[in-house]
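Q: Compact mmCIF, C-alpha atoms, file coords_38.txt:
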```txt
# COMPACT_ATOMS: atom_id res chain seq x y z
CA MET A 1 -7.24 27.49 -8.54
CA ASN A 2 -9.44 26.47 -5.62
CA THR A 3 -7.01 27.01 -2.75
CA ASP A 4 -9.54 25.69 -0.22
CA LYS A 5 -8.87 22.21 -1.60
CA ILE A 6 -5.08 22.43 -1.50
CA SER A 7 -2.89 21.79 1.54
CA PRO A 8 -0.88 24.78 2.82
CA GLU A 9 2.34 22.83 2.36
CA LEU A 10 1.56 22.32 -1.33
CA LEU A 11 0.56 25.95 -1.81
CA ASN A 12 3.96 26.99 -0.50
CA ASN A 13 5.49 25.31 -3.54
CA VAL A 14 3.32 27.07 -6.12
CA ASN A 15 6.26 29.10 -7.45
CA ILE A 16 8.20 25.93 -8.18
CA LEU A 17 5.16 24.27 -9.71
CA SER A 18 4.41 27.29 -11.91
CA LYS A 19 7.74 26.73 -13.67
CA GLY A 20 6.56 23.37 -14.92
CA GLN A 21 8.36 21.25 -12.34
CA PRO A 22 6.03 18.43 -11.22
CA GLN A 23 5.63 17.38 -7.60
CA GLU A 24 4.22 14.20 -6.11
CA ILE A 25 0.70 14.80 -4.82
CA VAL A 26 -2.08 12.80 -3.19
CA VAL A 27 -5.61 13.43 -4.46
CA SER A 28 -8.47 12.51 -2.13
CA THR A 29 -11.76 11.93 -3.94
CA ASN A 30 -15.46 11.41 -3.27
CA ASN A 31 -15.94 9.52 -6.55
CA PHE A 32 -13.15 7.06 -7.25
CA ASP A 33 -14.27 5.90 -10.72
CA GLU A 34 -14.94 9.40 -12.03
CA THR A 35 -11.55 10.57 -10.82
CA LYS A 36 -9.83 7.56 -12.38
CA SER A 37 -11.47 8.26 -15.71
CA PHE A 38 -10.52 11.94 -15.49
CA LEU A 39 -6.87 11.18 -14.68
CA LYS A 40 -6.51 9.05 -17.82
CA ASN A 41 -6.19 12.33 -19.73
CA PHE A 42 -3.24 13.48 -17.62
CA LYS A 43 0.31 13.29 -18.93
CA PHE A 44 1.64 11.68 -15.75
CA ARG A 45 1.04 8.14 -14.55
CA TYR A 46 -1.05 7.77 -11.41
CA THR A 47 -1.26 5.09 -8.71
CA PRO A 48 -4.82 4.28 -7.58
CA TYR A 49 -5.81 3.34 -4.02
CA ARG A 50 -9.46 2.38 -4.24
CA PHE A 51 -9.82 1.30 -0.61
CA ALA A 52 -8.62 4.74 0.52
CA ASN A 53 -10.43 6.71 -2.21
CA CYS A 54 -7.30 8.47 -3.38
CA PHE A 55 -4.65 8.64 -6.08
CA CYS A 56 -0.93 9.45 -6.02
CA LEU A 57 0.71 11.08 -9.02
CA PRO A 58 3.19 13.72 -10.15
CA ALA A 59 1.51 17.00 -11.07
CA ASP A 60 2.51 20.50 -12.11
CA PHE A 61 0.81 23.84 -11.55
CA ASP A 62 -1.71 23.43 -14.36
CA ASP A 63 -2.64 19.91 -13.28
CA ILE A 64 -3.26 20.99 -9.68
CA ASN A 65 -5.26 23.97 -10.87
CA ILE A 66 -7.53 21.72 -12.94
CA LEU A 67 -7.92 19.10 -10.23
CA SER A 68 -8.75 21.62 -7.51
CA ASN A 69 -11.77 22.79 -9.51
CA GLN A 70 -13.33 19.35 -9.94
CA ASN A 71 -16.36 18.49 -7.80
CA PHE A 72 -15.16 14.91 -7.31
CA VAL A 73 -11.90 16.05 -5.70
CA ASN A 74 -12.05 16.51 -1.94
CA TYR A 75 -8.52 17.68 -1.22
CA ILE A 76 -5.00 17.69 -2.67
CA TYR A 77 -2.02 17.00 -0.43
CA SER A 78 1.72 17.27 -0.95
CA ASN A 79 3.48 13.91 -0.87
CA SER A 80 6.56 15.30 0.86
CA VAL A 81 9.77 13.49 1.65
CA VAL A 82 9.35 12.01 5.10
CA LYS A 83 11.73 12.93 7.88
CA ILE A 84 11.49 13.03 11.63
CA GLU A 85 11.02 16.58 12.81
CA SER A 86 7.93 16.79 14.97
CA ALA A 87 8.15 18.76 18.19
CA GLU A 88 7.83 15.67 20.38
CA GLN A 89 10.60 13.86 18.53
CA ASP A 90 12.81 16.94 18.72
CA LEU A 91 12.26 16.90 22.48
CA MET A 92 13.66 13.37 22.67
CA ASN A 93 16.39 14.10 20.09
CA ILE A 94 15.41 11.01 18.09
CA SER A 95 17.59 12.11 15.15
CA ALA A 96 20.67 11.33 17.24
CA LEU A 97 19.48 7.73 17.42
CA THR A 98 18.32 7.37 13.82
CA GLU A 99 21.27 9.19 12.22
CA ASN A 100 18.81 9.81 9.35
CA LYS A 101 19.08 6.21 8.19
CA TYR A 102 17.67 3.93 10.90
CA PHE A 103 13.88 3.95 10.84
CA GLY A 104 12.98 0.40 11.84
CA GLN A 105 13.89 -1.26 8.56
CA GLY A 106 13.67 -5.02 8.71
CA GLN A 107 11.73 -4.99 12.00
CA THR A 108 8.11 -5.91 12.65
CA ILE A 109 6.02 -4.29 15.37
CA CYS A 110 2.88 -6.12 16.43
CA PHE A 111 0.01 -4.00 17.76
CA ILE A 112 -2.65 -5.66 19.90
CA ASP A 113 -5.45 -3.13 19.72
CA THR A 114 -8.78 -2.18 18.11
CA GLY A 115 -7.59 -2.86 14.57
CA ILE A 116 -6.25 -0.61 11.83
CA CYS A 117 -7.82 1.20 8.91
CA PRO A 118 -6.06 1.16 5.50
CA HIS A 119 -4.50 4.59 5.97
CA LEU A 120 -2.01 5.69 3.32
CA ASP A 121 0.59 6.20 6.05
CA PHE A 122 0.92 2.41 6.23
CA ILE A 123 0.72 1.38 2.59
CA PHE A 124 2.47 4.03 0.46
CA PRO A 125 4.62 3.66 -1.57
CA GLU A 126 4.23 -0.01 -0.65
CA THR A 127 2.33 -1.71 2.12
CA ARG A 128 4.10 -2.35 5.41
CA LEU A 129 0.99 -3.89 6.96
CA ILE A 130 2.01 -7.49 6.47
CA LYS A 131 -0.76 -9.19 8.45
CA PHE A 132 -4.12 -8.36 10.04
CA ILE A 133 -5.86 -10.73 12.45
CA ASP A 134 -9.37 -10.09 13.71
CA LEU A 135 -10.21 -11.91 16.94
CA ILE A 136 -13.46 -9.98 17.46
CA ASN A 137 -15.48 -10.20 14.24
CA PHE A 138 -13.15 -12.49 12.27
CA ASN A 139 -12.94 -10.30 9.18
CA ASN A 140 -10.07 -10.71 6.75
CA THR A 141 -9.89 -7.09 5.58
CA PRO A 142 -8.19 -4.53 7.84
CA TYR A 143 -10.56 -2.17 9.65
CA ASP A 144 -10.81 -0.20 12.87
CA ASP A 145 -14.27 0.48 14.29
CA ASN A 146 -12.84 2.50 17.17
CA GLY A 147 -9.84 4.43 15.85
CA HIS A 148 -7.49 3.76 18.74
CA GLY A 149 -5.48 1.07 16.96
CA THR A 150 -5.03 3.19 13.85
CA PHE A 151 -3.83 6.12 15.96
CA VAL A 152 -1.41 4.01 18.00
CA SER A 153 -0.02 2.34 14.87
CA GLY A 154 0.50 5.76 13.30
CA VAL A 155 2.44 7.05 16.30
CA ALA A 156 4.91 4.20 15.91
CA CYS A 157 4.91 3.53 12.16
CA GLY A 158 3.05 6.23 10.21
CA CYS A 159 5.03 7.75 7.33
CA GLY A 160 3.40 11.20 7.48
CA ILE A 161 2.31 11.08 3.86
CA PHE A 162 -0.18 13.93 4.26
CA ASN A 163 1.94 15.98 6.64
CA LYS A 164 5.58 15.19 7.40
CA ASN A 165 5.23 16.77 10.86
CA TYR A 166 3.06 13.80 11.86
CA CYS A 167 5.54 11.16 10.77
CA GLY A 168 5.76 8.15 13.09
CA ILE A 169 8.87 7.07 14.96
CA ALA A 170 9.80 3.89 13.05
CA ASN A 171 8.30 4.84 9.71
CA LYS A 172 9.94 2.01 7.77
CA ALA A 173 9.08 -0.83 10.13
CA ASN A 174 6.52 -3.47 9.17
CA LEU A 175 3.26 -3.82 11.06
CA ILE A 176 1.16 -6.72 12.23
CA VAL A 177 -2.13 -5.72 13.82
CA ILE A 178 -4.24 -8.06 15.93
CA LYS A 179 -7.71 -6.77 16.64
CA ALA A 180 -8.40 -8.03 20.15
CA LEU A 181 -10.46 -5.07 21.39
CA GLY A 182 -13.94 -4.16 20.17
CA GLU A 183 -15.48 -0.96 18.87
CA LYS A 184 -15.85 0.45 22.39
CA GLY A 185 -12.17 -0.14 23.10
CA ASN A 186 -12.60 -2.99 25.55
CA SER A 187 -12.36 -6.75 25.52
CA ASN A 188 -12.20 -9.84 27.68
CA SER A 189 -8.82 -11.09 28.86
CA ASN A 190 -9.15 -14.27 26.82
CA LYS A 191 -9.06 -12.25 23.59
CA ILE A 192 -5.85 -10.55 24.70
CA LEU A 193 -4.40 -13.90 25.67
CA ASP A 194 -5.38 -15.30 22.26
CA ALA A 195 -3.45 -12.43 20.68
CA MET A 196 -0.44 -13.02 22.90
CA GLN A 197 -0.54 -16.71 22.11
CA TRP A 198 -0.49 -15.96 18.38
CA VAL A 199 2.53 -13.68 18.82
CA TYR A 200 4.29 -16.31 20.94
CA GLU A 201 3.81 -18.96 18.25
CA ASN A 202 4.56 -16.74 15.24
CA CYS A 203 7.14 -14.17 16.39
CA LYS A 204 10.03 -15.98 14.70
CA ALA A 205 8.20 -16.56 11.42
CA TYR A 206 7.22 -12.90 11.07
CA ASN A 207 10.34 -11.40 12.67
CA ILE A 208 8.29 -9.68 15.38
CA SER A 209 10.84 -7.80 17.45
CA VAL A 210 8.43 -5.52 19.34
CA VAL A 211 4.88 -5.87 20.69
CA CYS A 212 2.94 -2.72 21.55
CA MET A 213 0.22 -3.09 24.20
CA SER A 214 -1.59 0.22 24.61
CA PHE A 215 -4.23 -1.15 26.96
CA GLY A 216 -4.54 -2.09 30.59
CA ALA A 217 -6.63 -4.09 33.01
CA ASP A 218 -6.98 -4.16 36.76
CA VAL A 219 -4.28 -6.28 38.34
CA ILE A 220 -5.32 -9.72 39.57
CA ASN A 221 -2.82 -10.55 42.35
CA GLY A 222 0.61 -12.00 41.65
CA SER A 223 -0.51 -14.54 39.06
CA ASP A 224 -2.21 -12.03 36.79
CA PRO A 225 -2.70 -13.82 33.42
CA LEU A 226 -2.02 -10.78 31.22
CA SER A 227 1.15 -10.01 33.12
CA ARG A 228 2.31 -13.60 32.84
CA GLY A 229 1.48 -13.68 29.15
CA ALA A 230 3.53 -10.54 28.53
CA GLU A 231 6.40 -12.03 30.51
CA SER A 232 6.31 -15.19 28.39
CA LEU A 233 6.70 -13.07 25.26
CA TRP A 234 9.60 -11.25 26.86
CA MET A 235 11.29 -14.55 27.69
CA ARG A 236 10.73 -15.53 24.07
CA GLY A 237 12.98 -12.61 23.09
CA VAL A 238 10.31 -10.10 22.07
CA VAL A 239 10.48 -6.52 23.34
CA VAL A 240 7.14 -5.95 25.09
CA VAL A 241 6.10 -2.32 25.60
CA ALA A 242 2.96 -1.63 27.65
CA ALA A 243 1.03 1.37 28.92
CA ALA A 244 1.22 2.26 32.60
CA GLY A 245 -2.46 3.28 32.61
CA ASN A 246 -4.44 6.47 32.99
CA SER A 247 -5.51 6.07 36.62
CA GLY A 248 -3.06 8.50 38.23
CA PRO A 249 -1.93 10.34 40.16
CA ASP A 250 -2.73 7.92 43.02
CA LYS A 251 -0.11 5.39 44.05
CA SER A 252 -0.26 1.71 43.04
CA THR A 253 -2.46 2.32 39.99
CA ILE A 254 -0.29 0.66 37.33
CA LYS A 255 -2.41 -1.54 35.07
CA SER A 256 -1.73 -5.05 33.82
CA PRO A 257 0.33 -6.12 31.92
CA GLY A 258 2.33 -2.95 32.67
CA ASN A 259 2.85 -4.19 36.22
CA ASN A 260 5.17 -6.95 35.03
CA PRO A 261 8.75 -6.30 36.18
CA TYR A 262 10.44 -7.55 32.99
CA ILE A 263 8.65 -5.61 30.26
CA ILE A 264 8.96 -1.89 29.45
CA THR A 265 6.18 0.11 31.07
CA VAL A 266 5.56 3.63 29.80
CA GLY A 267 4.13 6.54 31.76
CA ALA A 268 2.94 9.89 30.42
CA LEU A 269 5.00 13.04 30.02
CA ASP A 270 3.25 16.39 29.53
CA SER A 271 5.84 18.03 27.31
CA LYS A 272 4.12 21.42 27.53
CA THR A 273 4.78 21.69 31.25
CA MET A 274 7.65 19.16 31.36
CA SER A 275 5.98 17.25 34.15
CA VAL A 276 4.39 13.87 34.72
CA ALA A 277 0.88 14.02 33.26
CA GLU A 278 -1.77 14.12 35.98
CA PHE A 279 -3.54 11.04 34.59
CA SER A 280 -0.41 8.85 34.40
CA SER A 281 -0.68 5.75 36.61
CA CYS A 282 1.91 5.39 39.36
CA GLY A 283 3.69 2.60 41.22
CA PRO A 284 4.73 0.81 43.16
CA THR A 285 3.48 -2.62 42.13
CA ILE A 286 3.80 -5.83 44.10
CA TYR A 287 6.99 -6.43 42.12
CA GLY A 288 8.56 -3.03 42.75
CA HIS A 289 8.82 0.37 41.09
CA LYS A 290 6.93 1.26 37.92
CA PRO A 291 6.66 2.84 35.36
CA ASP A 292 10.07 2.35 33.78
CA LEU A 293 10.15 5.65 31.93
CA LEU A 294 8.06 8.46 30.41
CA ALA A 295 7.30 9.52 26.85
CA PRO A 296 5.20 12.41 25.45
CA ALA A 297 1.50 11.66 25.89
CA VAL A 298 -0.48 14.91 25.75
CA ASP A 299 -2.12 16.23 22.56
CA ILE A 300 -0.21 13.92 20.24
CA VAL A 301 -1.23 13.93 16.56
CA SER A 302 -1.45 10.71 14.57
CA CYS A 303 -3.47 8.76 12.00
CA SER A 304 -7.25 8.95 12.01
CA ASN A 305 -9.79 6.39 10.83
CA GLU A 306 -12.25 9.15 9.94
CA ASN A 307 -12.50 11.70 7.11
CA THR A 308 -9.47 13.73 8.19
CA PRO A 309 -6.00 12.19 7.82
CA TYR A 310 -4.89 12.96 11.38
CA THR A 311 -6.38 13.58 14.79
CA THR A 312 -5.25 14.31 18.36
CA MET A 313 -5.20 12.05 21.41
CA SER A 314 -3.68 11.92 24.91
CA GLY A 315 -2.90 9.07 27.29
CA THR A 316 -0.26 6.53 28.22
CA SER A 317 -1.52 4.46 25.28
CA VAL A 318 -0.14 7.26 23.10
CA ALA A 319 3.24 7.29 24.86
CA THR A 320 3.58 3.52 24.51
CA PRO A 321 3.92 3.34 20.68
CA ILE A 322 6.52 6.13 20.81
CA VAL A 323 8.71 3.81 22.88
CA ALA A 324 7.76 0.80 20.75
CA GLY A 325 8.90 2.66 17.65
CA ILE A 326 12.16 3.64 19.34
CA CYS A 327 12.76 -0.02 20.23
CA ALA A 328 12.34 -0.97 16.57
CA ILE A 329 14.87 1.71 15.58
CA ILE A 330 17.35 0.41 18.15
CA LYS A 331 16.85 -3.12 16.86
CA SER A 332 17.41 -2.02 13.25
CA ARG A 333 20.57 -0.18 14.25
CA TYR A 334 21.86 -2.82 16.67
CA PRO A 335 20.32 -6.07 15.42
CA LYS A 336 22.18 -8.24 17.95
CA MET A 337 20.82 -6.37 20.97
CA THR A 338 18.61 -8.49 23.21
CA ASN A 339 15.37 -7.17 24.69
CA ASN A 340 17.05 -6.83 28.09
CA GLU A 341 19.86 -4.82 26.55
CA ILE A 342 17.38 -2.59 24.74
CA LYS A 343 15.55 -1.90 27.99
CA ASN A 344 18.79 -1.01 29.75
CA PHE A 345 19.78 1.19 26.81
CA LEU A 346 16.52 3.13 27.13
CA LEU A 347 16.83 3.56 30.88
CA ALA A 348 20.36 4.87 30.44
CA HIS A 349 19.02 7.58 28.11
CA CYS A 350 16.44 9.07 30.45
CA VAL A 351 16.36 12.47 32.11
CA LYS A 352 14.85 12.72 35.59
CA LEU A 353 12.17 15.28 36.38
CA THR A 354 11.53 15.02 40.12
CA GLY A 355 13.30 11.80 41.03
CA ASP A 356 10.04 10.17 42.16
CA ILE A 357 10.64 6.71 40.74
CA ASP A 358 7.04 5.61 41.27
CA LYS A 359 5.81 8.45 39.04
CA GLU A 360 8.47 8.74 36.37
CA GLY A 361 10.72 5.69 36.64
CA ALA A 362 14.09 6.64 35.18
CA GLY A 363 12.62 9.83 33.69
CA TYR A 364 11.77 10.86 30.13
CA LEU A 365 13.62 9.60 27.07
CA LYS A 366 16.23 11.86 25.50
CA PHE A 367 19.06 10.74 23.24
```
Would you encode the structure as C-alpha cells?
A:
Amino acid sequence: MNTDKISPELLNNVNILSKGQPQEIVVSTNNFDETKSFLKNFKFRYTPYRFANCFCLPADFDDINILSNQNFVNYIYSNSVVKIESAEQDLMNISALTENKYFGQGQTICFIDTGICPHLDFIFPETRLIKFIDLINFNNTPYDDNGHGTFVSGVACGCGIFNKNYCGIANKANLIVIKALGEKGNSNSNKILDAMQWVYENCKAYNISVVCMSFGADVINGSDPLSRGAESLWMRGVVVVAAAGNSGPDKSTIKSPGNNPYIITVGALDSKTMSVAEFSSCGPTIYGHKPDLLAPAVDIVSCSNENTPYTTMSGTSVATPIVAGICAIIKSRYPKMTNNEIKNFLLAHCVKLTGDIDKEGAGYLKF
C-alpha cells in the first residue's frame, strides 16, 4: 500500500477496512479514461466526475491497496460524513444554531465574485450550483481564473468532502455564482451593478435569500451607486452581507457597499488573539457606525481552484461568507424571518471585545 497517496483520515480506518467493510472514497486521477477503464473491474459501482478528474466509490482494504499503487492515481481521500466541527465554527458555537439539522436547506446564496471552479464540495453527491453567470468573459461553464470566488463559496457552502474539518457553514444551501470580477480580482462598478440588477430581477425565481459581496470599492459620497444597489436588494427582501474592507486600522475606511446602513457589514476577527484584525476597516461612515459585527478572518481554510483541495486565506472577504452562511441557516430554520429580523438576531448574538463600535460593531458572533 502506497501510504503517500492516501489521506491520513482514511489511513486511520485501515483496521476497519481490513475486515472487509467498504468505505466511501474519492479517487483523484491524472488520467481519467485509464482510471475509468481500470475501475470497471472493481466489484463496487463508481460515480465519475470527468470535469474534476476524480471518481467516488465504496472500497475496502484490498481495493485501496491496489488503487494506491497505480500511476494514474494521484491521491485517495475519505468521503467522510460531513458535520460542522472546525475550530472557527466551534468558537461561534454554530451547532447551537444548526441543532445538527439546519444547514441552509432550501435556501440559495448568490455570490458576486471571481467565479467558481467545479469543486467536489459543491457538486457531490448532487450539484448545489444551480446557476453560473459570467459577466466578464461570457462563458457558460463554471470557472474561476482567480480563486477568490471558489474560496468564498467554500467558506459558506462547501461540504468538506475531502476533509470534514473544512466543511462550510451552510453546506446544504444552493449556490448561484455571478462572475463580475476578473482574473486579477478587480472590476468596474458597472459589472457589479449588472450583477446586482440580475439578482434584483431574479431573486424570487431562484429563491435567493442571501447575497454575499466579498469585495469593496472606495466610497463615492452619499449617492454611491454600489451602496444604493445593495440597499435596493435589501429593500427587495434579500439579506445582503458585505465585507467591511481591509484598509484598517484607520478610521472611516469602510468600503462600499459595506458603508450602507441597512445591509450587514462584516469586519475581521483574529480568533488566535481574540482581537479585531489589524487590517479590518473601521467606521464611522457618513451614515453612522460600521461594521455591524465581526467574524473569523485570519488563516481560514476553504476550497481551492488549484491542484490541492483546500487552501488558506485571510481578510474581511473571508469573514463575509461565514456570516452569509449563518444567514442561510437562520432562514432555513426560521423561514418567515425577514432580513431586518435576521440582522437584529445576529446583533443580539454578539460578544463585545473592546466596546469600540467603529472597530467591532456589536462584537463577534457567538450563539
Q: Could the residues of region 52-170 of chain A that have an atom at most 12 Å from region 343-361 of chain A be listed as CSV, each with its closest atom pair and the distance in Å to one decimal, counting all atoms listed in the file and ordered by chain and ascending residue number?
A:
```
residue,atom,partner,partner_atom,distance
A:Leu91,CA,A:Val351,CA,11.4
A:Met92,CA,A:Cys350,CA,9.3
A:Asn93,CA,A:His349,CA,10.7
A:Ile94,CA,A:His349,CA,11.2
A:Ala96,CA,A:His349,CA,11.6
A:Leu97,CA,A:His349,CA,10.7
```
Q: Need to verify the contact set: region 312-326 of chain A, 7 Å, only C-alpha atoms, exclusion of same-chain residues closer than 2 positions in sequence. Can you return it as a short mmCIF file (atom, residue, chain, number, x, y, z; two decimals) with C-alpha atoms, in the frame of the given file?
A:
```cif
data_model
loop_
_atom_site.label_atom_id
_atom_site.label_comp_id
_atom_site.auth_asym_id
_atom_site.auth_seq_id
_atom_site.Cartn_x
_atom_site.Cartn_y
_atom_site.Cartn_z
CA VAL A 152 -1.41 4.01 18.00
CA VAL A 155 2.44 7.05 16.30
CA ALA A 156 4.91 4.20 15.91
CA CYS A 157 4.91 3.53 12.16
CA ILE A 169 8.87 7.07 14.96
CA ALA A 170 9.80 3.89 13.05
CA VAL A 210 8.43 -5.52 19.34
CA CYS A 212 2.94 -2.72 21.55
CA SER A 214 -1.59 0.22 24.61
CA PHE A 215 -4.23 -1.15 26.96
CA VAL A 241 6.10 -2.32 25.60
CA ALA A 242 2.96 -1.63 27.65
CA ALA A 243 1.03 1.37 28.92
CA ALA A 244 1.22 2.26 32.60
CA GLY A 245 -2.46 3.28 32.61
CA ASN A 246 -4.44 6.47 32.99
CA VAL A 266 5.56 3.63 29.80
CA GLY A 267 4.13 6.54 31.76
CA ALA A 268 2.94 9.89 30.42
CA SER A 280 -0.41 8.85 34.40
CA ALA A 295 7.30 9.52 26.85
CA PRO A 296 5.20 12.41 25.45
CA ALA A 297 1.50 11.66 25.89
CA VAL A 298 -0.48 14.91 25.75
CA ASP A 299 -2.12 16.23 22.56
CA ILE A 300 -0.21 13.92 20.24
CA VAL A 301 -1.23 13.93 16.56
CA SER A 302 -1.45 10.71 14.57
CA ALA A 328 12.34 -0.97 16.57
CA ILE A 329 14.87 1.71 15.58
CA ILE A 330 17.35 0.41 18.15
#
```
Q: Nearest to Asp121 (chain A) among A:Leu226, A:Cys303, A:Leu269, A:Ala277, with distances taken over all atoms listed in the file: which residue is it?
A: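 With all atoms listed in the file as the atom set, the closest residue is A:Cys303.
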Q: Would you mind listing what lies within 12 Å of Glu201 (chain A) as a list in words, with only C-alpha atoms counted and same-chain residues fewer than 4 positions away left out?
A: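 Residues near the query, excluding close chain neighbours: Asp194, Ala195, Met196, Gln197, Ala205, Tyr206, Asn207, Ile208, Ser232, Leu233, Arg236 and Val238 of chain A.
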Q: I need the chosen residues saved as a PDB file, in the frame of the given file, with C-alpha atoms.
A:
```pdb
ATOM      1  CA  ASP A 194      -5.380 -15.300  22.260  1.00  0.00           C
ATOM      2  CA  ALA A 195      -3.450 -12.430  20.680  1.00  0.00           C
ATOM      3  CA  MET A 196      -0.440 -13.020  22.900  1.00  0.00           C
ATOM      4  CA  GLN A 197      -0.540 -16.710  22.110  1.00  0.00           C
ATOM      5  CA  ALA A 205       8.200 -16.560  11.420  1.00  0.00           C
ATOM      6  CA  TYR A 206       7.220 -12.900  11.070  1.00  0.00           C
ATOM      7  CA  ASN A 207      10.340 -11.400  12.670  1.00  0.00           C
ATOM      8  CA  ILE A 208       8.290  -9.680  15.380  1.00  0.00           C
ATOM      9  CA  SER A 232       6.310 -15.190  28.390  1.00  0.00           C
ATOM     10  CA  LEU A 233       6.700 -13.070  25.260  1.00  0.00           C
ATOM     11  CA  ARG A 236      10.730 -15.530  24.070  1.00  0.00           C
ATOM     12  CA  VAL A 238      10.310 -10.100  22.070  1.00  0.00           C
TER      13      VAL A 238
END
```
Q: Tell me, in Å to one decimal, how far CA of Asn30 (chain A) is from CA of Asn69 (chain A).
A: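 Taking CA of Asn30 (chain A) as the start and CA of Asn69 (chain A) as the end point, the length is 13.5 Å.
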Q: Excluding region 54-68 of chain A and residues on its chain fewer than 6 positions from it, collect all residues at most 10 Å away from it, counting all atoms listed in the file, and give them as a PyMOL selection string.
A: chain A and resi 1-6+10-11+13-32+35-36+38-39+42-48+74-79+120+124-125
Q: Find the residues around Lys172 (chain A) up to 12 Å (all atoms listed in the file counted), leave out those fewer than 5 positions away in its own chain, and share them as JSON, numbers by chain.
A: {"A": [82, 83, 84, 98, 100, 101, 102, 103, 104, 105, 106, 107, 108, 109, 121, 122, 123, 124, 125, 126, 127, 128, 129, 154, 156, 157, 158, 159, 160, 167, 325, 326, 328, 329, 332]}
Q: Mind giving me the straight-line distance from CA of Asn307 (chain A) to CA of Ser271 (chain A) in Å, one decimal?
A: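 One can read the CA of Asn307 (chain A) to CA of Ser271 (chain A) distance as 28.0 Å.
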Q: Ranking A:Tyr200, A:Tyr334, A:Phe162, A:Tyr310 by minimum distance to Cys110 (chain A) and counting only C-alpha atoms, which one comes first?
A: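 Among the listed residues, A:Tyr200 lies closest to Cys110 (chain A).
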Q: How many Å separate CA of Thr114 (chain A) from CA of Asp144 (chain A)?
A: 6.0 Å
Q: Using only C-alpha atoms and a cutoff of 12 Å, can you tell me which residues are near (-11.8, 7.1, 9.8) in the file's coordinates, and write them out as number ranges by chain?
A: A: 52, 115-120, 143-151, 302-311
Q: Measuring atom to atom with only C-alpha atoms, identify which of A:Gln89, A:Glu278, A:Lys366, A:Phe132 is nearest to Gly168 (chain A).
A: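 The shortest atom-to-atom distance to Gly168 (chain A) comes from A:Gln89.
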Q: Pick from A:Ala230, A:Val199, A:Ile133, A:Val276: nearest to Ser256 (chain A), with all atoms listed in the file counted?
A: A:Ala230
